[in-house]
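Q: For reference, the structure I am asking about is given below.
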Amino acid sequence: MSPTTHKGDWTTYHHDGARSGAAPHVTPVGKLAVAWRAHLDGAVYGEPLTVGDSVFVATENDSIYSLDRHTGDTKWRAHVGTPVPLSELPCGNIDPLGITGTPVIDRASKRIFAVAETTGSHHVLVGIDLATGRVEVRRDLPTPDGHPRFDQQRPALALAHGRVYVSFGGLFGDCGTYIGSVVGVATSGRGPTVTYRVPTANNGAIWATGGPVITSKGNLLISVGNGAATSDSQEYDGSDSVVELSPGLRRLGFFAPRSWAQDNAGDLDLGSLTPALTSHGRVLIAGKRGTAYLLDVDHLGGISGALAERQLCRGFGTPAHRGDIVYLPCVDGGLAAVETSGDDIRVLWRGPADGKGSPTIGAGTVWVASWGTGTLYALDARTGAVREQLDTDATLPHFVSPSLSRNLVLLGTTDGVVAITH
């Protein structure tokens, strides 16, 4: 029997295809306390997902778990491959390397989909029955660049148009030859794939944690890292950009800063942050250089075509957004609340300096965690004031992001999951 659904379910990274991070059915914040800890067989880099009274997580040991939402007890575990030890990788910073990107749940097929990195340089898409843990889909995904040993699947999976969309970048350290790409596979696991490959000679990673953003028109927005072209005398190569793709993964438009060549040369690209799509068709992006750009989703503007820009912060991870307000994860100075109305970029407040994780929103509260200290903060969404905070006594992975499930906040840790009640 499939898990009973609930209107507060969290079935994809940051709650929905737009990656808003905004949960509509969350209990108002109260005193924070650890409800339970689940010590699993590996680190959990992705967001925990929920359906009804089940919590679903994937580990770097290539396992997917269903946990009891109330106790953290294991309902089932599916071990789908052998992860790759760091000693066998050409570079990187995750050991072992298994399932890194947040899975996605498909209500129609009642499956959870994940991509496992396995020995032999394979990336394997699996679709698992939500109720039983039985593997019903298993398909090897050759990376479009032909260099799977140097490719890493870090971004969250996206679900749209009957397909699972899977993004690839490189390993930490940018070693070897790889080219960023996206692959779309039918949820049945059968049939031909659709693909997009960044038109650069090397690099152009698609690695920001949020994965593809689904627009109101059903198109995909991605951010792209530094590419091979590093001089204004070279032809622009599609890197250091925000790109709009059709459901069939044809490029429809893009934005790149005027400084794209210098950004590429200095590793100061936009690829570190998932684009934030606001309710009025505006897109906010701020990558490693620290310059924020406001774009029109219907006309991204090409090179130097931003509606507005300002020096703001170095964004890493995935923002949350509600209406015209974007909550931006910054590695320099902590969270930034930014208003994007009127084709302008205005900072409303800054959060705690160590609150550098990717935020989510519920019941007028912004939730953000510090991967350095393990602290979880509950901030007033209007002012940034700390309403509550808790030392989780857990080691949190980089770019950690809380999932919201009614009265619970769920965080992946380096050895499982911690659930905080409020």
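Identifiers in this document derive from the order of the structure tokens: chains are assigned A, B, ..., residues are numbered from 1 separately in each chain, and ligands are numbered from 1 in order of occurrence.
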Show me, as a tab-separated table, the residues of segment 211-297 of chain A having an atom within 12 Å of segment 352-369 of chain A, each with the closest atom pair and its distance in Å, using only C-alpha atoms.
A:
```
residue	atom	partner	partner_atom	distance
A:Ser272	CA	A:Ser358	CA	11.9
A:Leu273	CA	A:Ser358	CA	9.8
A:Thr274	CA	A:Ser358	CA	10.2
A:Ala276	CA	A:Ser358	CA	11.9
```
Q: Near segment 106-110 of chain A, within 7 Å and counting only C-alpha atoms, which residues show up once chain neighbours fewer than 2 positions away are dropped, as a list in words?
A: Val104, Ile112, Asp129 and Leu130 of chain A
Q: Considering only C-alpha atoms, return as a list in words whatever protein or nucleic-acid residues lie within 10 Å of Gly8 of chain A, sequence-local ones (same chain, fewer than 6 positions apart) excluded.
A: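 Non-adjacent residues within range: His15, Ala23, Pro24, His25, Val26, Thr50, Val51, Gly52, Leu404, Ser405 and Arg406 of chain A.
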Q: Quick one: write out the picked residues with all heavy atoms as a PDB file, in the first residue's frame?
A:
```
ATOM      1  N   HIS A  15      10.615  22.036  -2.375  1.00  0.00           N
ATOM      2  CA  HIS A  15       9.156  21.888  -2.337  1.00  0.00           C
ATOM      3  C   HIS A  15       8.474  21.779  -3.691  1.00  0.00           C
ATOM      4  O   HIS A  15       7.528  21.006  -3.855  1.00  0.00           O
ATOM      5  CB  HIS A  15       8.508  23.042  -1.544  1.00  0.00           C
ATOM      6  CG  HIS A  15       7.028  22.927  -1.426  1.00  0.00           C
ATOM      7  ND1 HIS A  15       6.151  23.523  -2.315  1.00  0.00           N
ATOM      8  CD2 HIS A  15       6.257  22.262  -0.535  1.00  0.00           C
ATOM      9  CE1 HIS A  15       4.909  23.240  -1.964  1.00  0.00           C
ATOM     10  NE2 HIS A  15       4.945  22.475  -0.884  1.00  0.00           N
ATOM     11  N   ALA A  23       6.822  26.418   1.889  1.00  0.00           N
ATOM     12  CA  ALA A  23       5.859  25.384   2.242  1.00  0.00           C
ATOM     13  C   ALA A  23       4.587  26.039   2.777  1.00  0.00           C
ATOM     14  O   ALA A  23       4.644  26.824   3.726  1.00  0.00           O
ATOM     15  CB  ALA A  23       6.443  24.442   3.288  1.00  0.00           C
ATOM     16  N   PRO A  24       3.420  25.738   2.198  1.00  0.00           N
ATOM     17  CA  PRO A  24       2.193  26.415   2.606  1.00  0.00           C
ATOM     18  C   PRO A  24       1.539  25.862   3.863  1.00  0.00           C
ATOM     19  O   PRO A  24       0.660  26.493   4.423  1.00  0.00           O
ATOM     20  CB  PRO A  24       1.281  26.215   1.393  1.00  0.00           C
ATOM     21  CG  PRO A  24       1.753  24.931   0.780  1.00  0.00           C
ATOM     22  CD  PRO A  24       3.240  24.883   1.020  1.00  0.00           C
ATOM     23  N   HIS A  25       1.908  24.674   4.308  1.00  0.00           N
ATOM     24  CA  HIS A  25       1.229  24.037   5.435  1.00  0.00           C
ATOM     25  C   HIS A  25       2.252  23.677   6.510  1.00  0.00           C
ATOM     26  O   HIS A  25       2.605  22.515   6.699  1.00  0.00           O
ATOM     27  CB  HIS A  25       0.477  22.792   4.973  1.00  0.00           C
ATOM     28  CG  HIS A  25      -0.516  23.073   3.891  1.00  0.00           C
ATOM     29  ND1 HIS A  25      -1.707  23.719   4.122  1.00  0.00           N
ATOM     30  CD2 HIS A  25      -0.482  22.817   2.553  1.00  0.00           C
ATOM     31  CE1 HIS A  25      -2.372  23.840   2.980  1.00  0.00           C
ATOM     32  NE2 HIS A  25      -1.658  23.302   2.018  1.00  0.00           N
ATOM     33  N   VAL A  26       2.709  24.707   7.225  1.00  0.00           N
ATOM     34  CA  VAL A  26       3.730  24.536   8.248  1.00  0.00           C
ATOM     35  C   VAL A  26       3.223  25.103   9.561  1.00  0.00           C
ATOM     36  O   VAL A  26       2.613  26.176   9.598  1.00  0.00           O
ATOM     37  CB  VAL A  26       5.045  25.234   7.837  1.00  0.00           C
ATOM     38  CG1 VAL A  26       6.071  25.187   8.951  1.00  0.00           C
ATOM     39  CG2 VAL A  26       5.611  24.589   6.576  1.00  0.00           C
ATOM     40  N   THR A  50       9.236  14.114   1.761  1.00  0.00           N
ATOM     41  CA  THR A  50       8.178  13.522   2.573  1.00  0.00           C
ATOM     42  C   THR A  50       6.932  13.254   1.741  1.00  0.00           C
ATOM     43  O   THR A  50       6.587  14.036   0.842  1.00  0.00           O
ATOM     44  CB  THR A  50       7.786  14.434   3.755  1.00  0.00           C
ATOM     45  OG1 THR A  50       7.188  15.642   3.267  1.00  0.00           O
ATOM     46  CG2 THR A  50       8.986  14.779   4.613  1.00  0.00           C
ATOM     47  N   VAL A  51       6.282  12.144   2.062  1.00  0.00           N
ATOM     48  CA  VAL A  51       4.936  11.847   1.587  1.00  0.00           C
ATOM     49  C   VAL A  51       4.194  11.260   2.774  1.00  0.00           C
ATOM     50  O   VAL A  51       4.587  10.218   3.309  1.00  0.00           O
ATOM     51  CB  VAL A  51       4.924  10.851   0.411  1.00  0.00           C
ATOM     52  CG1 VAL A  51       3.488  10.452   0.063  1.00  0.00           C
ATOM     53  CG2 VAL A  51       5.600  11.443  -0.811  1.00  0.00           C
ATOM     54  N   GLY A  52       3.125  11.939   3.217  1.00  0.00           N
ATOM     55  CA  GLY A  52       2.377  11.455   4.366  1.00  0.00           C
ATOM     56  C   GLY A  52       3.251  11.318   5.588  1.00  0.00           C
ATOM     57  O   GLY A  52       3.924  12.261   6.001  1.00  0.00           O
ATOM     58  N   LEU A 404      10.686  21.130   5.188  1.00  0.00           N
ATOM     59  CA  LEU A 404       9.667  21.457   6.171  1.00  0.00           C
ATOM     60  C   LEU A 404       8.501  20.485   6.031  1.00  0.00           C
ATOM     61  O   LEU A 404       7.956  20.309   4.942  1.00  0.00           O
ATOM     62  CB  LEU A 404       9.185  22.896   5.984  1.00  0.00           C
ATOM     63  CG  LEU A 404      10.284  23.962   5.938  1.00  0.00           C
ATOM     64  CD1 LEU A 404       9.670  25.344   5.753  1.00  0.00           C
ATOM     65  CD2 LEU A 404      11.150  23.925   7.188  1.00  0.00           C
ATOM     66  N   SER A 405       8.120  19.870   7.144  1.00  0.00           N
ATOM     67  CA  SER A 405       7.038  18.883   7.142  1.00  0.00           C
ATOM     68  C   SER A 405       6.141  19.137   8.350  1.00  0.00           C
ATOM     69  O   SER A 405       6.386  18.612   9.444  1.00  0.00           O
ATOM     70  CB  SER A 405       7.615  17.463   7.205  1.00  0.00           C
ATOM     71  OG  SER A 405       6.580  16.500   7.299  1.00  0.00           O
ATOM     72  N   ARG A 406       5.147  20.030   8.146  1.00  0.00           N
ATOM     73  CA  ARG A 406       4.217  20.385   9.223  1.00  0.00           C
ATOM     74  C   ARG A 406       4.968  20.934  10.438  1.00  0.00           C
ATOM     75  O   ARG A 406       5.461  22.042  10.381  1.00  0.00           O
ATOM     76  CB  ARG A 406       3.322  19.191   9.560  1.00  0.00           C
ATOM     77  CG  ARG A 406       2.315  18.881   8.430  1.00  0.00           C
ATOM     78  CD  ARG A 406       1.644  17.546   8.639  1.00  0.00           C
ATOM     79  NE  ARG A 406       2.401  16.465   8.024  1.00  0.00           N
ATOM     80  CZ  ARG A 406       2.119  15.183   8.167  1.00  0.00           C
ATOM     81  NH1 ARG A 406       1.108  14.796   8.931  1.00  0.00           N
ATOM     82  NH2 ARG A 406       2.836  14.261   7.545  1.00  0.00           N
TER      83      ARG A 406
END
```
Q: Nearest residue to Gly281 of chain A out of A:Asp9, A:Glu244, A:Glu309, A:Asp324, using only C-alpha atoms?
A: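 Comparing A:Asp9, A:Glu244, A:Glu309, A:Asp324 against Gly281 of chain A, the winner is A:Asp324.
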Q: Going by DSSP on the backbone, which residues of segment 205-384 of chain A come out as helix (DSSP H, G or I)? List them as a PyMOL selection string.
A: chain A and resi 260-266+341-343
Q: Smallest atom-to-atom distance to Asp41 of chain A: which of A:Arg77, A:Arg138, A:His6, A:His70, using only C-alpha atoms?
A: A:Arg77
Q: With only C-alpha atoms as the basis for distance, which of A:Val84, A:Ala131, A:Ile345, A:Val29 is at the shortest distance from Phe56 of chain A?
A: A:Ala131
